[in-house]
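Asks: Please read through the structure below; I'll follow up with questions.
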2 protein chains.
Amino acid sequence: MEDLACLRAVPLMAVPGTEPKSGPDAGRSRPDSNLIPGIAIRGRAALRKARTVVADQIEAILDVWYGFVGGTPHLLAYFVDPATSQPNGDYLAAVRKRFGQWIIDTCAANYDDAWLAYQEEIGRRHHRVGKNKTDGVSAPPHIPMRHLLALVVPISVTMKPFLAKQGHAPAEVDAMHAAWTKSVLLQAILWSRPYTKDGDF
Amino acid sequence: MEDLACLRAVPLMAVPGTEPKSGPDAGRSRPDSNLIPGIAIRGRAALRKARTVVADQIEAILDVWYGFVGGTPHLLAYFVDPATSQPNGDYLAAVRKRFGQWIIDTCAANYDDAWLAYQEEIGRRHHRVGKNKTDGVSAPPHIPMRHLLALVVPISVTMKPFLAKQGHAPAEVDAMHAAWTKSVLLQAILWSRPYTKDGDF
């Protein structure tokens, strides 16, 4: 029942009333430090095992994901420079570098304040409030929330073969994959915060 | 790669520009009828196989889910009548009946206009614009979006043992489970529409 225990904690990770109203963290939700550890007792172990499996497969995983984005016109469009109508290679490369680090961070499963603040930042970088700013690029200004949330499926589905590459028992692969999928969904939920109406998140 | 083809279709199921501005469907997204079939060619087959597996297990599945909701105070709270501070049994029963039908509908995988309109209605029934109205009950007026989306995990995780109950090969169970999980996430995304800022969904 570890997966369900996780779910009990998640909704409380970003309680509206806990958001600082001013200062450097204004508008950012704070984790409930009593609940975060409940997320991860066994899920974290599975993710950290996954880290040892995928550590030397990061570029191969990114190749699959970039192949998917590159083959999906409505996703590739968010990397296109309107001045040239071509995908911006520097932008794609900068995002790819962060995406690789994100795999490692997801498997590290350190649910501290810095991690939570970075989830908020990832959301902002897809929403019109922050898209293109980190890399200083010219590209479409906003990725709709439905696209962001829907990415959970390919990011989950495509990971399983990589988790199976080191010959772990099927039950171990399943546990790593379930923990991965859960973490990706939980993060995508946190990324959706800038998209929601006041009081609705 | 059927799972990825699905993802290409989903974001286009609710293109803002296709929403009727007036009439009985005002504000509701319309499916792109050219893309919907692309969702389901093999995913639909797996879901329909799942239907034969779970058809006589609906009440047992609902027992697990209601056990989870009943054991999760911040979810059970949405069924509590503020006048009595007790969960409203009639409300829980009415929702349970619809939840059972939803399992069957999800496995039927008929992605027609009626299905899409009902996804919008499910979203509204969790959001302050529609919660409590269908059943005419007194209960908290709004379920935050993060709770709604997070339910994808228990609704996915808990289904797998039921899909395995008829002795299908592990690969068949995996395929049914992947199709189930994908469909649940896609539906949860559609349910999130009433929560998003104008132009952000």
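Chain labels follow the order of the structure tokens: the first chain is A, the next B, and so on; residue numbering restarts at 1 in every chain, and ligands are counted from 1 in their shown order.
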So that I can check the surroundings of range 130-139 of chain B, please list as a VMD selection string every protein, DNA and RNA residue that reaches within 6 Å of it, counting only C-alpha atoms and ignoring chain neighbours fewer than 3 positions away.
Replies: chain B and resid 79 to 81 124 to 127
Asks: Produce a file of the selected residues containing N, CA and C atoms, as a JSON list (two decimals), in the first residue's frame.
Replies:
```json
[["chain", "number", "residue", "atom", "x", "y", "z"],
["B", 79, "PHE", "N", -17.23, 14.25, 1.16],
["B", 79, "PHE", "CA", -18.56, 13.62, 1.26],
["B", 79, "PHE", "C", -19.25, 13.96, 2.58],
["B", 80, "VAL", "N", -18.63, 14.79, 3.40],
["B", 80, "VAL", "CA", -19.17, 15.06, 4.73],
["B", 80, "VAL", "C", -20.20, 16.19, 4.68],
["B", 81, "ASP", "N", -21.33, 15.94, 5.30],
["B", 81, "ASP", "CA", -22.37, 16.96, 5.44],
["B", 81, "ASP", "C", -21.97, 17.89, 6.59],
["B", 124, "ARG", "N", -16.79, 19.04, -14.01],
["B", 124, "ARG", "CA", -17.64, 20.04, -13.37],
["B", 124, "ARG", "C", -18.19, 19.52, -12.03],
["B", 125, "ARG", "N", -18.43, 18.23, -11.95],
["B", 125, "ARG", "CA", -18.99, 17.68, -10.70],
["B", 125, "ARG", "C", -17.98, 17.65, -9.56],
["B", 126, "HIS", "N", -16.70, 17.84, -9.88],
["B", 126, "HIS", "CA", -15.67, 17.93, -8.84],
["B", 126, "HIS", "C", -15.33, 19.39, -8.51],
["B", 127, "HIS", "N", -15.58, 20.26, -9.47],
["B", 127, "HIS", "CA", -15.24, 21.68, -9.35],
["B", 127, "HIS", "C", -16.42, 22.43, -8.73]]
```
Asks: What residues in chain B lie within 9 Å of chain A, counting only C-alpha atoms, written as an NGL selection string?
Replies: :B and (3-4 or 7-8 or 10-12 or 14 or 68 or 72-75 or 127-128 or 142-147 or 149-154 or 157 or 178 or 181-182 or 185-186 or 189-190 or 192-201)
Asks: Write down as a short mmCIF file (atom, residue, chain, number, x, y, z; two decimals) with all heavy atoms, in the first residue's frame the residues of range 87-150 of chain B whose backbone DSSP state falls under alpha helix (DSSP H).
Replies:
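Printed below is result.cif as written:
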```cif
data_model
loop_
_atom_site.label_atom_id
_atom_site.label_comp_id
_atom_site.auth_asym_id
_atom_site.auth_seq_id
_atom_site.Cartn_x
_atom_site.Cartn_y
_atom_site.Cartn_z
N GLY B 89 -24.10 9.06 3.52
CA GLY B 89 -24.15 7.72 2.94
C GLY B 89 -24.88 7.68 1.60
O GLY B 89 -24.48 6.95 0.69
N ASP B 90 -25.95 8.49 1.47
CA ASP B 90 -26.67 8.50 0.19
C ASP B 90 -25.79 9.07 -0.92
O ASP B 90 -25.80 8.58 -2.05
CB ASP B 90 -27.94 9.35 0.32
CG ASP B 90 -28.97 8.70 1.22
OD1 ASP B 90 -28.89 7.47 1.44
OD2 ASP B 90 -29.87 9.42 1.72
N TYR B 91 -25.03 10.10 -0.59
CA TYR B 91 -24.13 10.72 -1.57
C TYR B 91 -23.04 9.72 -1.98
O TYR B 91 -22.78 9.50 -3.17
CB TYR B 91 -23.54 11.98 -0.93
CG TYR B 91 -22.63 12.83 -1.78
CD1 TYR B 91 -22.68 12.83 -3.17
CD2 TYR B 91 -21.71 13.69 -1.15
CE1 TYR B 91 -21.83 13.65 -3.91
CE2 TYR B 91 -20.87 14.51 -1.89
CZ TYR B 91 -20.93 14.49 -3.26
OH TYR B 91 -20.09 15.30 -3.98
N LEU B 92 -22.44 9.07 -0.98
CA LEU B 92 -21.42 8.06 -1.28
C LEU B 92 -21.99 6.95 -2.17
O LEU B 92 -21.34 6.49 -3.11
CB LEU B 92 -20.87 7.45 0.02
CG LEU B 92 -19.83 8.31 0.76
CD1 LEU B 92 -19.75 7.89 2.22
CD2 LEU B 92 -18.46 8.21 0.10
N ALA B 93 -23.22 6.54 -1.89
CA ALA B 93 -23.83 5.46 -2.67
C ALA B 93 -24.12 5.90 -4.11
O ALA B 93 -23.94 5.13 -5.05
CB ALA B 93 -25.11 4.99 -1.98
N ALA B 94 -24.58 7.15 -4.25
CA ALA B 94 -24.90 7.64 -5.61
C ALA B 94 -23.63 7.75 -6.45
O ALA B 94 -23.61 7.39 -7.63
CB ALA B 94 -25.60 8.99 -5.52
N VAL B 95 -22.56 8.25 -5.83
CA VAL B 95 -21.29 8.36 -6.54
C VAL B 95 -20.76 6.96 -6.87
O VAL B 95 -20.24 6.72 -7.97
CB VAL B 95 -20.27 9.16 -5.71
CG1 VAL B 95 -18.87 9.08 -6.34
CG2 VAL B 95 -20.71 10.62 -5.60
N ARG B 96 -20.91 6.04 -5.93
CA ARG B 96 -20.41 4.68 -6.16
C ARG B 96 -21.09 4.03 -7.37
O ARG B 96 -20.43 3.37 -8.17
CB ARG B 96 -20.64 3.82 -4.91
CG ARG B 96 -20.11 2.41 -5.05
CD ARG B 96 -20.30 1.60 -3.76
NE ARG B 96 -20.00 0.19 -4.01
CZ ARG B 96 -19.08 -0.52 -3.37
NH1 ARG B 96 -18.37 0.02 -2.40
NH2 ARG B 96 -18.86 -1.78 -3.69
N LYS B 97 -22.37 4.26 -7.50
CA LYS B 97 -23.10 3.69 -8.64
C LYS B 97 -22.55 4.25 -9.96
O LYS B 97 -22.31 3.50 -10.91
CB LYS B 97 -24.60 4.03 -8.49
CG LYS B 97 -25.49 3.29 -9.46
CD LYS B 97 -26.95 3.50 -9.10
CE LYS B 97 -27.85 2.87 -10.16
NZ LYS B 97 -29.28 3.13 -9.87
N ARG B 98 -22.30 5.55 -9.99
CA ARG B 98 -21.74 6.15 -11.22
C ARG B 98 -20.31 5.67 -11.44
O ARG B 98 -19.86 5.52 -12.58
CB ARG B 98 -21.77 7.68 -11.13
CG ARG B 98 -23.17 8.26 -11.23
CD ARG B 98 -23.15 9.76 -11.52
NE ARG B 98 -22.59 10.55 -10.43
CZ ARG B 98 -23.30 11.03 -9.40
NH1 ARG B 98 -24.59 10.78 -9.31
NH2 ARG B 98 -22.72 11.76 -8.46
N PHE B 99 -19.57 5.47 -10.35
CA PHE B 99 -18.17 5.04 -10.45
C PHE B 99 -18.09 3.65 -11.08
O PHE B 99 -17.21 3.36 -11.90
CB PHE B 99 -17.55 5.04 -9.05
CG PHE B 99 -16.11 5.49 -8.97
CD1 PHE B 99 -15.55 5.77 -7.72
CD2 PHE B 99 -15.32 5.64 -10.09
CE1 PHE B 99 -14.22 6.18 -7.59
CE2 PHE B 99 -13.99 6.05 -9.98
CZ PHE B 99 -13.45 6.32 -8.74
N GLY B 100 -19.04 2.79 -10.70
CA GLY B 100 -19.09 1.46 -11.31
C GLY B 100 -19.36 1.53 -12.80
O GLY B 100 -18.72 0.85 -13.61
N GLN B 101 -20.32 2.37 -13.16
CA GLN B 101 -20.61 2.55 -14.59
C GLN B 101 -19.41 3.14 -15.32
O GLN B 101 -19.14 2.79 -16.48
CB GLN B 101 -21.83 3.46 -14.76
CG GLN B 101 -22.29 3.62 -16.21
CD GLN B 101 -22.68 2.30 -16.85
OE1 GLN B 101 -23.42 1.51 -16.26
NE2 GLN B 101 -22.17 2.03 -18.05
N TRP B 102 -18.65 3.99 -14.63
CA TRP B 102 -17.48 4.62 -15.25
C TRP B 102 -16.41 3.56 -15.58
O TRP B 102 -15.73 3.67 -16.61
CB TRP B 102 -16.92 5.69 -14.30
CG TRP B 102 -15.64 6.30 -14.77
CD1 TRP B 102 -15.50 7.31 -15.70
CD2 TRP B 102 -14.31 5.93 -14.37
NE1 TRP B 102 -14.17 7.58 -15.89
CE2 TRP B 102 -13.42 6.75 -15.09
CE3 TRP B 102 -13.78 4.99 -13.48
CZ2 TRP B 102 -12.03 6.67 -14.94
CZ3 TRP B 102 -12.42 4.90 -13.34
CH2 TRP B 102 -11.54 5.73 -14.05
N ILE B 103 -16.26 2.56 -14.73
CA ILE B 103 -15.32 1.48 -15.05
C ILE B 103 -15.73 0.82 -16.37
O ILE B 103 -14.89 0.61 -17.27
CB ILE B 103 -15.28 0.42 -13.92
CG1 ILE B 103 -14.81 1.02 -12.60
CG2 ILE B 103 -14.38 -0.76 -14.33
CD1 ILE B 103 -14.95 0.07 -11.40
N ILE B 104 -17.01 0.53 -16.48
CA ILE B 104 -17.51 -0.13 -17.69
C ILE B 104 -17.34 0.78 -18.91
O ILE B 104 -16.90 0.34 -19.97
CB ILE B 104 -18.98 -0.53 -17.47
CG1 ILE B 104 -19.07 -1.57 -16.34
CG2 ILE B 104 -19.61 -1.06 -18.76
CD1 ILE B 104 -20.47 -1.80 -15.81
N ASP B 105 -17.67 2.05 -18.73
CA ASP B 105 -17.53 3.00 -19.85
C ASP B 105 -16.07 3.15 -20.27
O ASP B 105 -15.76 3.26 -21.46
CB ASP B 105 -18.07 4.37 -19.45
CG ASP B 105 -19.58 4.38 -19.26
OD1 ASP B 105 -20.25 3.43 -19.71
OD2 ASP B 105 -20.08 5.36 -18.65
N THR B 106 -15.16 3.18 -19.28
CA THR B 106 -13.75 3.32 -19.61
C THR B 106 -13.28 2.13 -20.45
O THR B 106 -12.53 2.29 -21.41
CB THR B 106 -12.91 3.46 -18.32
OG1 THR B 106 -13.31 4.66 -17.66
CG2 THR B 106 -11.42 3.51 -18.62
N CYS B 107 -13.73 0.95 -20.08
CA CYS B 107 -13.34 -0.25 -20.83
C CYS B 107 -14.05 -0.33 -22.18
O CYS B 107 -13.52 -0.93 -23.13
CB CYS B 107 -13.63 -1.50 -20.01
SG CYS B 107 -12.57 -1.68 -18.56
N ALA B 108 -15.23 0.27 -22.28
CA ALA B 108 -15.93 0.27 -23.57
C ALA B 108 -15.18 1.12 -24.59
O ALA B 108 -15.16 0.83 -25.78
CB ALA B 108 -17.36 0.77 -23.40
N ASP B 113 -18.83 11.84 -29.17
CA ASP B 113 -19.16 13.16 -28.61
C ASP B 113 -19.79 13.04 -27.22
O ASP B 113 -19.51 13.86 -26.34
CB ASP B 113 -20.14 13.88 -29.55
CG ASP B 113 -19.43 14.49 -30.75
OD1 ASP B 113 -18.26 14.14 -31.00
OD2 ASP B 113 -20.06 15.31 -31.44
N ALA B 114 -20.62 12.03 -27.05
CA ALA B 114 -21.29 11.87 -25.76
C ALA B 114 -20.27 11.56 -24.66
O ALA B 114 -20.35 12.07 -23.54
CB ALA B 114 -22.33 10.75 -25.83
N TRP B 115 -19.30 10.75 -25.01
CA TRP B 115 -18.23 10.41 -24.06
C TRP B 115 -17.46 11.67 -23.65
O TRP B 115 -17.22 11.93 -22.48
CB TRP B 115 -17.29 9.38 -24.69
CG TRP B 115 -16.10 9.03 -23.84
CD1 TRP B 115 -16.05 8.10 -22.84
CD2 TRP B 115 -14.79 9.61 -23.91
NE1 TRP B 115 -14.78 8.07 -22.29
CE2 TRP B 115 -14.00 8.97 -22.93
CE3 TRP B 115 -14.21 10.59 -24.71
CZ2 TRP B 115 -12.65 9.30 -22.73
CZ3 TRP B 115 -12.88 10.93 -24.51
CH2 TRP B 115 -12.11 10.27 -23.53
N LEU B 116 -17.11 12.47 -24.65
CA LEU B 116 -16.33 13.67 -24.37
C LEU B 116 -17.14 14.66 -23.53
O LEU B 116 -16.62 15.26 -22.58
CB LEU B 116 -15.88 14.31 -25.69
CG LEU B 116 -14.83 15.40 -25.55
CD1 LEU B 116 -13.53 14.86 -24.96
CD2 LEU B 116 -14.55 16.05 -26.90
N ALA B 117 -18.41 14.82 -23.87
CA ALA B 117 -19.27 15.72 -23.09
C ALA B 117 -19.38 15.23 -21.64
O ALA B 117 -19.41 16.04 -20.70
CB ALA B 117 -20.65 15.81 -23.73
N TYR B 118 -19.39 13.92 -21.46
CA TYR B 118 -19.51 13.40 -20.10
C TYR B 118 -18.20 13.61 -19.32
O TYR B 118 -18.23 13.82 -18.09
CB TYR B 118 -19.91 11.92 -20.11
CG TYR B 118 -20.35 11.42 -18.74
CD1 TYR B 118 -21.37 12.06 -18.05
CD2 TYR B 118 -19.72 10.34 -18.14
CE1 TYR B 118 -21.76 11.63 -16.80
CE2 TYR B 118 -20.10 9.89 -16.88
CZ TYR B 118 -21.12 10.55 -16.21
OH TYR B 118 -21.50 10.12 -14.96
N GLN B 119 -17.07 13.57 -19.98
CA GLN B 119 -15.81 13.90 -19.29
C GLN B 119 -15.86 15.32 -18.75
O GLN B 119 -15.42 15.60 -17.64
CB GLN B 119 -14.60 13.73 -20.23
CG GLN B 119 -14.45 12.36 -20.83
CD GLN B 119 -14.59 11.24 -19.82
OE1 GLN B 119 -13.96 11.27 -18.77
NE2 GLN B 119 -15.44 10.28 -20.12
N GLU B 120 -16.38 16.24 -19.58
CA GLU B 120 -16.51 17.63 -19.13
C GLU B 120 -17.44 17.69 -17.90
O GLU B 120 -17.15 18.39 -16.93
CB GLU B 120 -17.08 18.47 -20.27
CG GLU B 120 -17.28 19.93 -19.95
CD GLU B 120 -16.01 20.75 -20.01
OE1 GLU B 120 -14.97 20.23 -20.45
OE2 GLU B 120 -16.06 21.92 -19.60
N GLU B 121 -18.51 16.92 -17.94
CA GLU B 121 -19.46 16.91 -16.82
C GLU B 121 -18.80 16.35 -15.56
O GLU B 121 -19.02 16.86 -14.45
CB GLU B 121 -20.69 16.09 -17.21
CG GLU B 121 -21.72 15.92 -16.11
CD GLU B 121 -22.36 17.22 -15.66
OE1 GLU B 121 -22.25 18.24 -16.38
OE2 GLU B 121 -22.96 17.23 -14.55
N ILE B 122 -17.99 15.31 -15.71
CA ILE B 122 -17.29 14.75 -14.53
C ILE B 122 -16.39 15.82 -13.91
O ILE B 122 -16.35 15.98 -12.69
CB ILE B 122 -16.49 13.49 -14.92
CG1 ILE B 122 -17.45 12.35 -15.29
CG2 ILE B 122 -15.57 13.06 -13.77
CD1 ILE B 122 -16.76 11.09 -15.84
N GLY B 123 -15.69 16.55 -14.75
CA GLY B 123 -14.84 17.63 -14.22
C GLY B 123 -15.67 18.64 -13.43
O GLY B 123 -15.31 19.02 -12.31
N ARG B 124 -16.79 19.04 -14.01
CA ARG B 124 -17.64 20.04 -13.37
C ARG B 124 -18.19 19.52 -12.03
O ARG B 124 -18.38 20.31 -11.09
CB ARG B 124 -18.80 20.44 -14.28
CG ARG B 124 -18.35 21.15 -15.55
CD ARG B 124 -19.48 21.30 -16.57
NE ARG B 124 -20.61 22.02 -16.02
CZ ARG B 124 -20.74 23.35 -16.02
NH1 ARG B 124 -19.79 24.09 -16.55
NH2 ARG B 124 -21.79 23.91 -15.49
N ARG B 125 -18.43 18.23 -11.95
CA ARG B 125 -18.99 17.68 -10.70
C ARG B 125 -17.98 17.65 -9.56
O ARG B 125 -18.35 17.42 -8.41
CB ARG B 125 -19.53 16.27 -10.97
CG ARG B 125 -20.81 16.27 -11.76
CD ARG B 125 -21.30 14.87 -12.06
NE ARG B 125 -22.51 14.93 -12.89
CZ ARG B 125 -23.14 13.85 -13.34
NH1 ARG B 125 -22.69 12.64 -13.05
NH2 ARG B 125 -24.21 13.99 -14.10
N HIS B 126 -16.70 17.84 -9.88
CA HIS B 126 -15.67 17.93 -8.84
C HIS B 126 -15.33 19.39 -8.51
O HIS B 126 -14.84 19.69 -7.43
CB HIS B 126 -14.41 17.18 -9.27
CG HIS B 126 -14.60 15.69 -9.31
ND1 HIS B 126 -15.22 15.04 -10.36
CD2 HIS B 126 -14.28 14.71 -8.42
CE1 HIS B 126 -15.26 13.74 -10.13
NE2 HIS B 126 -14.70 13.51 -8.95
N MET B 145 -7.91 20.59 -7.79
CA MET B 145 -7.46 19.84 -8.97
C MET B 145 -6.37 18.84 -8.63
O MET B 145 -6.31 17.76 -9.20
CB MET B 145 -6.97 20.80 -10.05
CG MET B 145 -6.67 20.10 -11.38
SD MET B 145 -6.08 21.23 -12.66
CE MET B 145 -4.37 21.46 -12.12
N ARG B 146 -5.50 19.18 -7.70
CA ARG B 146 -4.40 18.28 -7.38
C ARG B 146 -4.92 16.95 -6.82
O ARG B 146 -4.33 15.90 -7.06
CB ARG B 146 -3.41 18.93 -6.41
CG ARG B 146 -3.96 19.24 -5.04
CD ARG B 146 -2.97 20.10 -4.25
NE ARG B 146 -3.35 20.27 -2.85
CZ ARG B 146 -4.22 21.18 -2.41
NH1 ARG B 146 -4.81 22.01 -3.25
NH2 ARG B 146 -4.48 21.29 -1.12
N HIS B 147 -6.03 17.00 -6.09
CA HIS B 147 -6.61 15.77 -5.56
C HIS B 147 -7.17 14.93 -6.69
O HIS B 147 -7.02 13.70 -6.71
CB HIS B 147 -7.74 16.07 -4.57
CG HIS B 147 -7.29 16.76 -3.32
ND1 HIS B 147 -7.79 16.45 -2.08
CD2 HIS B 147 -6.39 17.73 -3.10
CE1 HIS B 147 -7.22 17.21 -1.17
NE2 HIS B 147 -6.37 18.00 -1.77
N LEU B 148 -7.85 15.59 -7.62
CA LEU B 148 -8.48 14.88 -8.73
C LEU B 148 -7.42 14.18 -9.57
O LEU B 148 -7.53 12.99 -9.89
CB LEU B 148 -9.26 15.91 -9.55
CG LEU B 148 -10.23 15.40 -10.60
CD1 LEU B 148 -11.30 14.52 -9.98
CD2 LEU B 148 -10.88 16.59 -11.31
N LEU B 149 -6.36 14.91 -9.93
CA LEU B 149 -5.31 14.33 -10.77
C LEU B 149 -4.55 13.23 -10.04
O LEU B 149 -4.17 12.22 -10.63
CB LEU B 149 -4.34 15.41 -11.24
CG LEU B 149 -4.90 16.39 -12.29
CD1 LEU B 149 -3.92 17.55 -12.50
CD2 LEU B 149 -5.16 15.69 -13.62
N ALA B 150 -4.32 13.43 -8.75
CA ALA B 150 -3.54 12.43 -8.00
C ALA B 150 -4.26 11.10 -7.90
O ALA B 150 -3.62 10.05 -7.73
CB ALA B 150 -3.21 12.97 -6.60
#
```
Asks: Work out how far CA of Arg51 in chain B is from CA of Asn110 in chain B, in Å to one decimal.
Replies: 12.6 Å
Asks: Quick one: pull the distance between CA of Ala171 in chain B and CA of Gln166 in chain A, Å, one decimal.
Replies: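 We find that CA of Ala171 in chain B and CA of Gln166 in chain A lie 19.1 Å from each other.
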Asks: Can you tell me which residues surround Glu172 in chain B at a distance of at most 12 Å, considering only C-alpha atoms, apart from same-chain residues fewer than 3 positions away, and format the answer as a PyMOL selection string?
Replies: chain B and resi 43+45-47+49-50+53+160+163-169+175-179
Asks: Between CA of Val173 in chain A and CA of Arg48 in chain A, what is the distance, to one decimal in Å?
Replies: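 One can read the CA of Val173 in chain A to CA of Arg48 in chain A distance as 12.5 Å.
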Asks: Can you list, as a PyMOL selection string, every residue of range 13-187 of chain A that DSSP puts in strand (DSSP E or B)?
Replies: chain A and resi 80-81+86-87
Asks: How about saving the chosen residues, all heavy atoms kept, as a compact mmCIF listing (two decimals), in the first residue's frame?
Replies:
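For reference, part-v7.txt as written:
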```txt
# COMPACT_ATOMS: atom_id res chain seq x y z
N VAL A 80 10.05 26.00 -32.02
CA VAL A 80 10.27 26.63 -33.32
C VAL A 80 10.40 28.15 -33.16
O VAL A 80 9.57 28.79 -32.50
CB VAL A 80 9.12 26.29 -34.30
CG1 VAL A 80 9.18 27.17 -35.54
CG2 VAL A 80 9.19 24.80 -34.68
N ASP A 81 11.45 28.68 -33.77
CA ASP A 81 11.66 30.13 -33.80
C ASP A 81 10.74 30.72 -34.87
O ASP A 81 10.86 30.36 -36.05
CB ASP A 81 13.12 30.42 -34.13
CG ASP A 81 13.44 31.91 -34.08
OD1 ASP A 81 12.51 32.73 -34.25
OD2 ASP A 81 14.62 32.25 -33.88
N GLN A 86 11.92 27.33 -38.04
CA GLN A 86 12.70 26.11 -37.81
C GLN A 86 12.87 25.87 -36.30
O GLN A 86 12.95 26.84 -35.53
CB GLN A 86 14.10 26.23 -38.44
CG GLN A 86 14.09 26.33 -39.96
CD GLN A 86 13.52 25.07 -40.61
OE1 GLN A 86 13.87 23.96 -40.24
NE2 GLN A 86 12.59 25.26 -41.55
N PRO A 87 12.96 24.61 -35.90
CA PRO A 87 13.28 24.35 -34.48
C PRO A 87 14.61 24.97 -34.10
O PRO A 87 15.57 24.95 -34.89
CB PRO A 87 13.35 22.81 -34.43
CG PRO A 87 12.57 22.34 -35.60
CD PRO A 87 12.76 23.38 -36.67
```
